[in-house]
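Asks: One file: final-v2.tsv (TSV, C-alpha atoms and all ligand atoms).
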chain	number	residue	atom	x	y	z
G	1	MET	CA	-23.91	7.34	11.89
G	2	THR	CA	-24.69	5.86	8.49
G	3	TYR	CA	-24.36	2.14	7.78
G	4	LEU	CA	-21.24	2.86	5.75
G	5	ASP	CA	-19.71	4.75	8.69
G	6	THR	CA	-20.27	1.80	11.00
G	7	ILE	CA	-18.26	-0.38	8.63
G	8	ARG	CA	-15.70	2.33	8.10
G	9	TYR	CA	-15.22	3.38	11.72
G	10	PRO	CA	-16.28	0.37	13.77
G	11	SER	CA	-16.61	0.78	17.49
G	12	ILE	CA	-14.02	-1.04	19.57
G	13	PRO	CA	-12.64	-0.05	23.01
G	14	SER	CA	-10.33	2.96	22.86
G	15	ASP	CA	-7.55	1.05	24.71
G	16	LEU	CA	-7.46	-1.41	21.87
G	17	LYS	CA	-7.53	1.36	19.28
G	18	ASN	CA	-4.54	2.97	21.02
G	19	LEU	CA	-2.69	-0.31	20.91
G	20	PHE	CA	-3.36	-0.67	17.20
G	21	LYS	CA	-1.88	2.79	16.82
G	22	LYS	CA	1.29	1.81	18.71
G	23	VAL	CA	1.85	-1.49	16.89
G	24	PRO	CA	4.90	-1.32	14.59
G	25	LYS	CA	3.76	-1.46	10.98
G	26	THR	CA	4.99	-1.72	7.43
G	27	GLU	CA	3.54	0.16	4.49
G	28	LEU	CA	4.79	-1.39	1.27
G	29	HIS	CA	2.02	-0.30	-1.07
G	30	LEU	CA	1.35	3.41	-1.15
G	31	HIS	CA	0.88	5.58	-4.24
G	32	ILE	CA	2.21	9.09	-3.70
G	33	GLY	CA	-0.51	10.88	-5.73
G	34	GLY	CA	-3.31	8.84	-4.21
G	35	SER	CA	-1.99	9.22	-0.66
G	36	THR	CA	-1.21	12.92	-0.54
G	37	ARG	CA	-2.83	14.84	2.29
G	38	LYS	CA	-6.09	16.50	1.28
G	39	GLU	CA	-4.90	19.94	2.39
G	40	ASP	CA	-1.77	19.57	0.25
G	41	ILE	CA	-3.66	18.46	-2.84
G	42	GLU	CA	-5.97	21.46	-2.45
G	43	ILE	CA	-2.95	23.79	-2.50
G	44	PHE	CA	-1.52	21.98	-5.53
G	45	MET	CA	-4.83	22.33	-7.41
G	46	LYS	CA	-4.67	26.09	-6.84
G	47	GLU	CA	-1.04	26.17	-7.97
G	48	ASN	CA	-2.04	24.23	-11.09
G	49	GLY	CA	-4.61	26.87	-12.03
G	50	ILE	CA	-7.82	25.14	-10.93
G	51	SER	CA	-10.49	27.71	-10.05
G	52	ASN	CA	-11.96	28.09	-6.56
G	53	GLU	CA	-15.31	26.83	-7.87
G	54	GLU	CA	-13.78	23.78	-9.49
G	55	ILE	CA	-11.65	22.58	-6.53
G	56	PRO	CA	-14.54	21.41	-4.28
G	57	LYS	CA	-16.06	19.55	-7.23
G	58	LEU	CA	-12.80	17.72	-7.81
G	59	LEU	CA	-12.45	16.92	-4.10
G	60	GLN	CA	-15.96	15.45	-4.13
G	61	LEU	CA	-14.64	12.74	-6.41
G	62	ILE	CA	-12.99	11.31	-3.27
G	63	LYS	CA	-15.86	9.16	-2.03
G	64	PRO	CA	-16.53	6.81	0.89
G	65	SER	CA	-17.17	4.03	-1.61
G	66	TYR	CA	-16.81	3.49	-5.33
G	67	GLU	CA	-18.93	1.52	-7.76
G	68	SER	CA	-15.98	-0.41	-9.17
G	69	ILE	CA	-12.30	-0.23	-9.90
G	70	THR	CA	-13.13	1.78	-13.04
G	71	ASP	CA	-15.02	4.29	-10.88
G	72	ILE	CA	-12.07	4.82	-8.53
G	73	LEU	CA	-9.66	4.97	-11.47
G	74	ASN	CA	-11.79	7.73	-13.05
G	75	ALA	CA	-11.48	9.76	-9.85
G	76	TYR	CA	-7.83	8.77	-9.67
G	77	TYR	CA	-6.95	10.30	-13.00
G	78	LYS	CA	-8.51	13.63	-11.97
G	79	VAL	CA	-7.37	14.19	-8.37
G	80	PRO	CA	-3.91	12.68	-7.65
G	81	LYS	CA	-2.64	14.04	-10.98
G	82	HIS	CA	-2.35	17.40	-9.23
G	83	VAL	CA	0.81	16.14	-7.61
G	84	HIS	CA	2.62	17.22	-10.74
G	85	THR	CA	5.69	19.43	-10.36
G	86	PRO	CA	8.91	18.49	-8.55
G	87	SER	CA	8.12	20.85	-5.65
G	88	GLN	CA	4.64	19.32	-5.32
G	89	PHE	CA	6.15	15.81	-5.27
G	90	LYS	CA	8.55	16.85	-2.55
G	91	ARG	CA	5.85	18.41	-0.33
G	92	ALA	CA	3.43	15.54	-0.95
G	93	THR	CA	6.07	12.97	0.01
G	94	PHE	CA	7.08	14.84	3.16
G	95	GLY	CA	3.40	14.93	4.26
G	96	ILE	CA	3.02	11.21	3.54
G	97	VAL	CA	5.99	10.42	5.80
G	98	GLN	CA	4.48	12.50	8.61
G	99	GLU	CA	1.17	10.65	8.28
G	100	ALA	CA	2.95	7.27	8.18
G	101	ALA	CA	4.73	8.17	11.42
G	102	LYS	CA	1.30	8.57	13.09
G	103	ASP	CA	0.75	4.90	12.18
G	104	ASN	CA	4.17	3.97	13.61
G	105	VAL	CA	5.30	2.76	10.19
G	106	LYS	CA	8.81	1.29	10.36
G	107	VAL	CA	9.35	0.78	6.66
G	108	LEU	CA	7.65	2.92	4.04
G	109	GLU	CA	7.65	2.15	0.34
G	110	THR	CA	6.28	4.99	-1.78
G	111	ARG	CA	5.54	4.53	-5.46
G	112	THR	CA	4.87	6.76	-8.42
G	113	SER	CA	5.01	6.94	-12.20
G	114	ILE	CA	7.58	9.40	-13.50
G	115	LEU	CA	6.63	10.04	-17.13
G	116	ASN	CA	4.49	12.99	-18.28
G	117	LYS	CA	4.86	14.94	-15.05
G	118	GLY	CA	5.62	18.63	-14.56
G	119	GLY	CA	9.37	18.01	-14.68
G	120	GLU	CA	11.93	15.61	-16.09
G	121	PRO	CA	11.73	12.08	-14.63
G	122	LYS	CA	15.03	12.62	-12.83
G	123	GLU	CA	13.71	15.83	-11.22
G	124	ILE	CA	10.59	13.98	-10.04
G	125	VAL	CA	12.66	11.16	-8.54
G	126	GLU	CA	15.01	13.60	-6.81
G	127	ALA	CA	12.08	15.62	-5.45
G	128	VAL	CA	10.54	12.47	-3.91
G	129	GLU	CA	13.92	11.53	-2.45
G	130	GLU	CA	14.28	14.99	-0.91
G	131	GLY	CA	10.80	14.65	0.60
G	132	LEU	CA	11.77	11.25	2.01
G	133	LYS	CA	15.06	12.50	3.42
G	134	GLU	CA	13.45	15.53	5.06
G	135	GLY	CA	10.69	13.26	6.32
G	136	SER	CA	13.22	10.85	7.76
G	137	LYS	CA	14.90	13.70	9.66
G	138	TRP	CA	11.50	14.86	10.93
G	139	VAL	CA	10.63	11.34	12.18
G	140	GLN	CA	14.00	11.06	13.94
G	141	GLU	CA	13.53	14.41	15.68
G	142	ASN	CA	9.84	14.16	16.50
G	143	CYS	CA	9.16	10.44	16.93
G	144	GLY	CA	12.62	9.23	17.91
G	145	TYR	CA	13.07	6.38	15.50
G	146	ASN	CA	14.58	5.52	12.16
G	147	MET	CA	11.85	4.98	9.56
G	148	ARG	CA	13.26	3.06	6.61
G	149	MET	CA	11.93	4.46	3.36
G	150	TYR	CA	12.42	4.17	-0.37
G	151	LEU	CA	10.86	4.67	-3.77
G	152	THR	CA	9.36	2.26	-6.28
G	153	ILE	CA	9.09	3.41	-9.88
G	154	LEU	CA	5.79	2.59	-11.51
G	155	ALA	CA	4.91	1.87	-15.15
G	156	GLN	CA	1.30	2.10	-16.28
G	157	ARG	CA	-0.46	-0.82	-17.97
G	158	PHE	CA	-2.39	1.59	-20.18
G	159	GLY	CA	0.86	3.11	-21.45
G	160	THR	CA	2.66	1.86	-24.55
G	161	LYS	CA	5.37	-0.77	-24.41
G	162	GLU	CA	7.82	1.99	-25.31
G	163	ASP	CA	6.68	3.94	-22.23
G	164	SER	CA	7.16	1.02	-19.85
G	165	LEU	CA	10.54	0.17	-21.36
G	166	LYS	CA	11.59	3.82	-21.02
G	167	THR	CA	10.43	3.83	-17.38
G	168	ALA	CA	12.34	0.62	-16.68
G	169	GLY	CA	15.47	2.09	-18.30
G	170	LEU	CA	15.15	5.23	-16.17
G	171	ALA	CA	14.63	3.20	-12.99
G	172	ILE	CA	17.86	1.28	-13.60
G	173	GLU	CA	19.79	4.37	-14.67
G	174	LEU	CA	18.64	6.53	-11.77
G	175	ALA	CA	19.20	3.73	-9.26
G	176	GLN	CA	22.91	4.04	-10.02
G	177	ARG	CA	23.26	7.53	-8.55
G	178	PRO	CA	25.08	7.27	-5.23
G	179	THR	CA	22.18	9.00	-3.45
G	180	SER	CA	19.48	6.80	-5.01
G	181	MET	CA	16.53	5.66	-2.89
G	182	ILE	CA	15.00	3.59	-5.70
G	183	HIS	CA	14.48	-0.03	-4.65
G	184	GLY	CA	11.47	-1.22	-6.62
G	185	PHE	CA	9.62	-1.39	-9.92
G	186	ASP	CA	5.85	-1.83	-10.30
G	187	LEU	CA	3.31	-2.34	-13.07
G	188	ALA	CA	-0.10	-0.81	-12.24
G	189	GLY	CA	-3.40	0.23	-13.81
G	190	ASP	CA	-6.40	-1.50	-15.34
G	191	GLU	CA	-5.47	-5.19	-15.45
G	192	SER	CA	-8.66	-6.32	-17.17
G	193	LYS	CA	-7.88	-4.44	-20.38
G	194	HIS	CA	-4.09	-4.46	-20.54
G	195	SER	CA	-2.17	-7.71	-20.30
G	196	ILE	CA	1.19	-7.92	-18.59
G	197	GLU	CA	2.43	-9.30	-21.94
G	198	GLU	CA	2.19	-5.80	-23.40
G	199	HIS	CA	5.00	-4.81	-21.07
G	200	ALA	CA	7.10	-7.94	-21.38
G	201	GLU	CA	10.22	-6.10	-22.54
G	202	ALA	CA	10.23	-3.73	-19.58
G	203	LEU	CA	9.69	-6.54	-17.09
G	204	LYS	CA	12.40	-8.73	-18.61
G	205	TYR	CA	14.80	-5.80	-18.46
G	206	ILE	CA	13.98	-5.19	-14.80
G	207	LYS	CA	14.43	-8.87	-13.94
G	208	LYS	CA	17.81	-8.86	-15.68
G	209	GLU	CA	19.22	-5.55	-14.40
G	210	GLY	CA	17.19	-4.83	-11.27
G	211	PRO	CA	18.86	-7.26	-8.85
G	212	LYS	CA	22.29	-5.76	-9.64
G	213	HIS	CA	21.03	-2.42	-8.33
G	214	GLY	CA	18.84	-3.57	-5.44
G	215	ILE	CA	15.56	-3.25	-7.33
G	216	GLY	CA	12.73	-5.70	-6.64
G	217	LEU	CA	9.67	-6.27	-8.82
G	218	THR	CA	6.09	-5.97	-7.61
G	219	ILE	CA	3.05	-6.20	-9.90
G	220	HIS	CA	-0.60	-5.19	-9.37
G	221	ALA	CA	-2.50	-8.37	-10.18
G	222	GLY	CA	-5.77	-10.09	-9.31
G	223	GLU	CA	-7.44	-7.09	-7.68
G	224	THR	CA	-10.79	-7.74	-9.38
G	225	LYS	CA	-12.48	-10.66	-11.15
G	226	SER	CA	-12.57	-8.97	-14.53
G	227	SER	CA	-14.38	-6.18	-16.27
G	228	GLY	CA	-12.61	-6.75	-19.57
G	229	ASN	CA	-10.91	-9.61	-21.36
G	230	ILE	CA	-8.35	-10.62	-18.78
G	231	SER	CA	-9.35	-12.34	-15.55
G	232	GLY	CA	-7.74	-11.62	-12.21
G	233	VAL	CA	-6.41	-15.19	-12.10
G	234	GLU	CA	-4.83	-14.80	-15.52
G	235	SER	CA	-3.22	-11.58	-14.37
G	236	ILE	CA	-1.72	-13.23	-11.26
G	237	LYS	CA	-0.37	-16.14	-13.35
G	238	LYS	CA	1.34	-13.75	-15.74
G	239	ALA	CA	2.79	-11.69	-12.88
G	240	ILE	CA	4.37	-14.84	-11.45
G	241	GLU	CA	5.58	-15.94	-14.88
G	242	TYR	CA	7.36	-12.61	-15.29
G	243	GLY	CA	9.11	-13.05	-11.98
G	244	ALA	CA	7.23	-10.73	-9.62
G	245	ASP	CA	8.96	-10.78	-6.23
G	246	ARG	CA	5.70	-9.59	-4.70
G	247	LEU	CA	2.08	-9.37	-5.82
G	248	ALA	CA	-0.14	-6.40	-5.11
G	249	HIS	CA	-3.68	-7.43	-4.01
G	250	ALA	CA	-3.95	-10.95	-5.56
G	251	LEU	CA	-7.46	-11.19	-4.16
G	252	ARG	CA	-8.54	-13.49	-6.99
G	253	LEU	CA	-6.41	-16.31	-5.65
G	254	LEU	CA	-9.87	-17.08	-4.30
G	255	ASP	CA	-10.81	-18.44	-7.74
G	256	ASP	CA	-7.98	-20.89	-8.32
G	257	ASN	CA	-6.93	-23.31	-5.61
G	258	LYS	CA	-3.93	-24.65	-7.45
G	259	LEU	CA	-2.55	-21.19	-8.02
G	260	LYS	CA	-3.27	-20.26	-4.42
G	261	GLU	CA	-1.35	-23.31	-3.19
G	262	PHE	CA	1.57	-22.37	-5.42
G	263	VAL	CA	1.64	-18.84	-3.98
G	264	ILE	CA	1.49	-20.21	-0.42
G	265	GLU	CA	4.17	-22.86	-1.01
G	266	ASN	CA	6.52	-20.35	-2.57
G	267	LYS	CA	5.78	-17.79	0.15
G	268	ILE	CA	5.20	-15.07	-2.47
G	269	PRO	CA	4.50	-11.88	-0.50
G	270	ILE	CA	1.11	-10.24	-1.07
G	271	GLU	CA	0.54	-6.54	-0.43
G	272	MET	CA	-3.05	-6.44	0.76
G	273	ALA	CA	-5.30	-3.40	1.25
G	274	PRO	CA	-8.62	-4.85	2.53
G	275	TRP	CA	-10.48	-1.57	2.89
G	276	SER	CA	-9.87	-0.68	-0.75
G	277	HIS	CA	-11.32	-4.08	-1.74
G	278	VAL	CA	-14.46	-3.38	0.25
G	279	GLN	CA	-14.61	0.14	-1.09
G	280	ILE	CA	-14.45	-0.82	-4.78
G	281	LYS	CA	-16.80	-3.76	-4.19
G	282	ALA	CA	-14.17	-6.35	-5.08
G	283	VAL	CA	-15.67	-8.28	-2.13
G	284	ASP	CA	-19.38	-8.31	-1.27
G	285	SER	CA	-18.96	-7.17	2.32
G	286	TYR	CA	-16.24	-6.67	4.91
G	287	PRO	CA	-16.83	-9.92	6.85
G	288	GLU	CA	-16.53	-11.79	3.55
G	289	HIS	CA	-13.00	-10.54	2.88
G	290	PRO	CA	-10.76	-13.62	2.55
G	291	ILE	CA	-7.78	-12.22	4.50
G	292	ARG	CA	-8.53	-14.35	7.58
G	293	LYS	CA	-8.80	-17.52	5.53
G	294	PHE	CA	-5.66	-16.60	3.58
G	295	LEU	CA	-3.72	-15.97	6.81
G	296	GLU	CA	-4.91	-19.25	8.31
G	297	GLU	CA	-3.77	-21.04	5.17
G	298	GLY	CA	-0.31	-19.56	5.64
G	299	MET	CA	-0.31	-16.92	2.93
G	300	ASN	CA	2.48	-14.38	3.17
G	301	ILE	CA	0.36	-11.23	3.54
G	302	ASN	CA	1.40	-7.75	4.59
G	303	LEU	CA	-1.03	-4.92	5.25
G	304	ALA	CA	-1.04	-1.72	3.16
G	305	THR	CA	-3.33	1.24	2.49
G	306	ASP	CA	-2.71	1.68	-1.27
G	307	ASN	CA	-4.24	5.17	-1.46
G	308	ARG	CA	-4.62	6.99	1.83
G	309	LEU	CA	-6.31	9.98	0.20
G	310	MET	CA	-8.60	8.28	-2.30
G	311	SER	CA	-9.63	5.61	0.20
G	312	GLN	CA	-9.53	7.93	3.24
G	313	ILE	CA	-7.82	5.24	5.28
G	314	THR	CA	-4.86	4.63	7.60
G	315	LEU	CA	-3.19	1.40	8.70
G	316	ARG	CA	-4.44	1.72	12.28
G	317	GLN	CA	-8.01	2.10	10.97
G	318	GLN	CA	-7.56	-1.02	8.87
G	319	LEU	CA	-6.41	-3.01	11.90
G	320	THR	CA	-9.50	-1.76	13.74
G	321	GLN	CA	-11.75	-2.79	10.86
G	322	LEU	CA	-10.15	-6.22	10.59
G	323	TRP	CA	-10.52	-6.75	14.33
G	324	ALA	CA	-14.12	-5.53	14.44
G	325	ASN	CA	-15.02	-7.84	11.57
G	326	ASN	CA	-13.35	-10.85	13.18
G	327	LEU	CA	-10.83	-11.14	10.39
G	328	ILE	CA	-7.90	-10.89	12.75
G	329	THR	CA	-8.49	-12.27	16.20
G	330	ASN	CA	-5.13	-12.50	17.97
G	331	TRP	CA	-1.78	-10.88	18.63
G	332	ASN	CA	0.17	-13.36	16.51
G	333	GLN	CA	-1.74	-12.42	13.39
G	334	ILE	CA	-1.08	-8.72	13.97
G	335	LYS	CA	2.60	-9.43	14.50
G	336	GLN	CA	2.73	-11.71	11.48
G	337	LEU	CA	1.38	-8.98	9.18
G	338	THR	CA	4.24	-6.69	10.22
G	339	ILE	CA	6.96	-9.35	10.19
G	340	ASN	CA	5.82	-10.42	6.72
G	341	GLY	CA	6.09	-6.80	5.63
G	342	VAL	CA	9.62	-6.39	6.99
G	343	LYS	CA	10.72	-9.60	5.28
G	344	ALA	CA	9.11	-8.57	1.97
G	345	ALA	CA	10.45	-5.00	1.93
G	346	PHE	CA	12.93	-4.23	-0.85
G	347	LEU	CA	15.63	-3.31	1.64
G	348	PRO	CA	19.27	-4.36	1.64
G	349	ASP	CA	19.47	-7.60	3.60
G	350	ILE	CA	21.56	-6.17	6.42
G	351	GLU	CA	19.01	-3.39	6.96
G	352	ARG	CA	16.14	-5.90	6.91
G	353	GLN	CA	17.83	-8.06	9.56
G	354	LYS	CA	18.34	-5.01	11.79
G	355	LEU	CA	14.72	-3.99	11.36
G	356	LEU	CA	13.51	-7.52	12.09
G	357	LYS	CA	15.31	-7.47	15.43
G	358	GLU	CA	13.93	-4.02	16.29
G	359	THR	CA	10.43	-5.13	15.34
G	360	GLU	CA	10.58	-8.29	17.48
G	361	LYS	CA	11.67	-6.13	20.42
G	362	ASP	CA	8.88	-3.57	19.86
G	363	PHE	CA	6.30	-6.34	19.74
G	364	SER	CA	7.54	-8.03	22.88
G	365	GLN	CA	7.25	-4.69	24.71
G	366	LEU	CA	3.60	-4.36	23.70
G	367	GLU	CA	2.56	-7.97	24.20
G	368	ASN	CA	1.60	-7.69	27.88
G	369	ASP	CA	-0.42	-4.52	27.29
G	370	PHE	CA	-2.26	-6.31	24.57
G	371	ALA	CA	-2.99	-9.37	26.70
G	372	LYS	CA	-4.35	-7.17	29.52
G	373	THR	CA	-6.48	-5.09	27.17
G	374	ILE	CA	-7.94	-8.18	25.56
G	375	GLU	CA	-8.66	-9.76	28.95
G	376	THR	CA	-10.60	-6.67	30.05
G	377	TYR	CA	-12.33	-6.52	26.70
G	378	LEU	CA	-13.40	-10.16	26.83
G	379	SER	CA	-14.56	-9.99	30.48
G	380	GLU	CA	-16.60	-6.87	29.67
G	381	ASP	CA	-18.08	-8.80	26.78
G	382	LYS	CA	-19.00	-11.68	29.09
G	383	GLU	CA	-20.63	-9.20	31.49
G	384	LYS	CA	-22.69	-7.88	28.61
G	385	ILE	CA	-23.71	-11.40	27.68
G	386	LYS	CA	-24.74	-12.10	31.29
G	387	VAL	CA	-26.85	-8.92	31.41
G	388	ALA	CA	-28.47	-9.81	28.10
H	1	ZN	ZN	-2.01	0.17	-5.92
Show this structure as structure tokens.
Ligand SMILES: [Zn+2]
Replies:
Amino acid sequence: MTYLDTIRYPSIPSDLKNLFKKVPKTELHLHIGGSTRKEDIEIFMKENGISNEEIPKLLQLIKPSYESITDILNAYYKVPKHVHTPSQFKRATFGIVQEAAKDNVKVLETRTSILNKGGEPKEIVEAVEEGLKEGSKWVQENCGYNMRMYLTILAQRFGTKEDSLKTAGLAIELAQRPTSMIHGFDLAGDESKHSIEEHAEALKYIKKEGPKHGIGLTIHAGETKSSGNISGVESIKKAIEYGADRLAHALRLLDDNKLKEFVIENKIPIEMAPWSHVQIKAVDSYPEHPIRKFLEEGMNINLATDNRLMSQITLRQQLTQLWANNLITNWNQIKQLTINGVKAAFLPDIERQKLLKETEKDFSQLENDFAKTIETYLSEDKEKIKVA
């Protein structure tokens, strides 16, 4: 096992790993292209005319770790883009739902951009919705529960202001179809080079029209310090100024206490994907990730994977990593991450209340198992200490 593997797949007792698998979870930050199953993306590459020699080279761009956010974004623009046509979006989404069910995800928010794809934006949206609906049926039949799921429409920071405004217009228009599963809008991409201000019109439009159609606003902000002109802190401030209902990452709250206190006081939900932060070197090492400190300070954090394919990660693995690195140490924290996620999900209120009740019940059923497992784990640890 390499050093990287020991961080990536830490060793903890299998009973505990199984429990982490069973824990009810939320997944509010998942990019469809970046989370498609590897076997699916390989098929899509073939369909998109990539030669047999070229495919392995492209797949090698998916790495255990990346030099920086720019490095992962470079890979990002070459691999996930092969989820391109409506039929590919549908198959990719269906596979994502199946994988999420293995993590016992209770509410799944998928997100994607819809411009410049291999079909009209409406066709892309409908294809994702079909994938979600078929996935939902599959989860009912095979896992016996109702996974809540929906779609967030994403605008790219590197795009023009016309592009983001067009995307916002489409999100509102398409959300008015009776069958719509659109519940969110997101701004993503390189935050150090493209200010949120560039997309002010789109964001104002979403804040004005979105709530009428059940659309919440989340913004990628504060993922890295800065590799351009705009700092992570600046990015978070702007996201709040433009009315983000949730922040994605917001790791750089580390750099500004006043801003951090504001976020805590106002209970602004943060979608956090710790493994991706370690992977792109946004933190120096896993044990130095601030999630434990943030949780102790009362920050409203929910756990997400961001890109299951590009980061080669699942939610259960992240719980294992957090536990092994002492960043979560008790049942209440695990429960809190999920409850925060349910409360922050862009679901109709009645649905959220139902899910909250179900989640409380699921947790109470697992609590004793957890206590027993931990007791054994700790006594084994004490034995080891005695022997040493
Ligand atoms: Zn993201």
Asks: Within 12 Å of ligand ZN 1 (chain H), counting all atoms listed in the file: which residues, as JSON, numbers by chain?
Replies: {"G": [27, 28, 29, 30, 31, 32, 33, 34, 35, 69, 72, 73, 76, 109, 110, 111, 112, 113, 152, 154, 155, 156, 186, 187, 188, 189, 190, 191, 218, 219, 220, 221, 222, 223, 247, 248, 249, 250, 270, 271, 272, 273, 274, 276, 277, 304, 305, 306, 307, 308, 310, 311]}
Asks: Of the candidates G:Ile7, G:Ile350, G:Ile96, G:Ile182, which one gets nearest to Pro287 (chain G) if we count all atoms listed in the file?
Replies: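 Comparing G:Ile7, G:Ile350, G:Ile96, G:Ile182 against Pro287 (chain G), the winner is G:Ile7.
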Asks: So which residues touch Ala344 (chain G) within 10 Å, counting only C-alpha atoms, skipping near sequence neighbours fewer than 5 positions away, as a ChimeraX atom specification?
Replies: /G:26,28,216,245-246,267-271,300-302,338-339,352
Asks: For the selection just defined, write its residues with C-alpha atoms to a file, as an mmCIF file, in the frame of the given file.
Replies:
data_model
loop_
_atom_site.group_PDB
_atom_site.id
_atom_site.type_symbol
_atom_site.label_atom_id
_atom_site.label_comp_id
_atom_site.auth_asym_id
_atom_site.auth_seq_id
_atom_site.Cartn_x
_atom_site.Cartn_y
_atom_site.Cartn_z
ATOM 1 C CA THR G 26 4.990 -1.720 7.430
ATOM 2 C CA LEU G 28 4.790 -1.390 1.270
ATOM 3 C CA GLY G 216 12.730 -5.700 -6.640
ATOM 4 C CA ASP G 245 8.960 -10.780 -6.230
ATOM 5 C CA ARG G 246 5.700 -9.590 -4.700
ATOM 6 C CA LYS G 267 5.780 -17.790 0.150
ATOM 7 C CA ILE G 268 5.200 -15.070 -2.470
ATOM 8 C CA PRO G 269 4.500 -11.880 -0.500
ATOM 9 C CA ILE G 270 1.110 -10.240 -1.070
ATOM 10 C CA GLU G 271 0.540 -6.540 -0.430
ATOM 11 C CA ASN G 300 2.480 -14.380 3.170
ATOM 12 C CA ILE G 301 0.360 -11.230 3.540
ATOM 13 C CA ASN G 302 1.400 -7.750 4.590
ATOM 14 C CA THR G 338 4.240 -6.690 10.220
ATOM 15 C CA ILE G 339 6.960 -9.350 10.190
ATOM 16 C CA ARG G 352 16.140 -5.900 6.910
#
Asks: What is the distance between CA of Asp284 (chain G) and CA of Leu327 (chain G), in Å to one decimal?
Replies: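 Between these atoms lies a distance of 14.7 Å.
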Asks: I'd like to know which of G:Pro64, G:Pro24, G:Pro13, G:Gly131 is closest to Gly341 (chain G), using all atoms listed in the file.
Replies: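 Distance minimum relative to Gly341 (chain G) lands on G:Pro24.
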Asks: Can you find the residues with an atom no farther than 6 Å from (11.8, -4.2, -2.1), counting all atoms listed in the file, and report them as a ChimeraX atom specification?
Replies: /G:183-184,216,345-347
Asks: Quick one: residues within 9 Å of Ile196 (chain G), only C-alpha atoms, excluding same-chain residues fewer than 2 positions away - as a ChimeraX atom specification?
Replies: /G:157,187,191,194,198-200,203,235,238-239,242
Asks: Work out how far CA of Pro211 (chain G) is from CA of Ile153 (chain G), in Å to one decimal.
Replies: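 CA of Pro211 (chain G) lies 14.5 Å from CA of Ile153 (chain G).
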Asks: Calculated over all atoms listed in the file, which of the candidates G:Pro56, G:Asp256, G:Val342, G:Lys204 has the smallest distance to Glu358 (chain G)?
Replies: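 Closest to Glu358 (chain G), using all atoms listed in the file: G:Val342.
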Asks: Which polymer residues have any atom within 8 Å of an atom of region 132-135 of chain G, counting all atoms listed in the file, with same-chain residues fewer than 2 positions away left out, as a PyMOL selection string?
Replies: chain G and resi 90+93-95+97-98+128-130+137-139+149-150
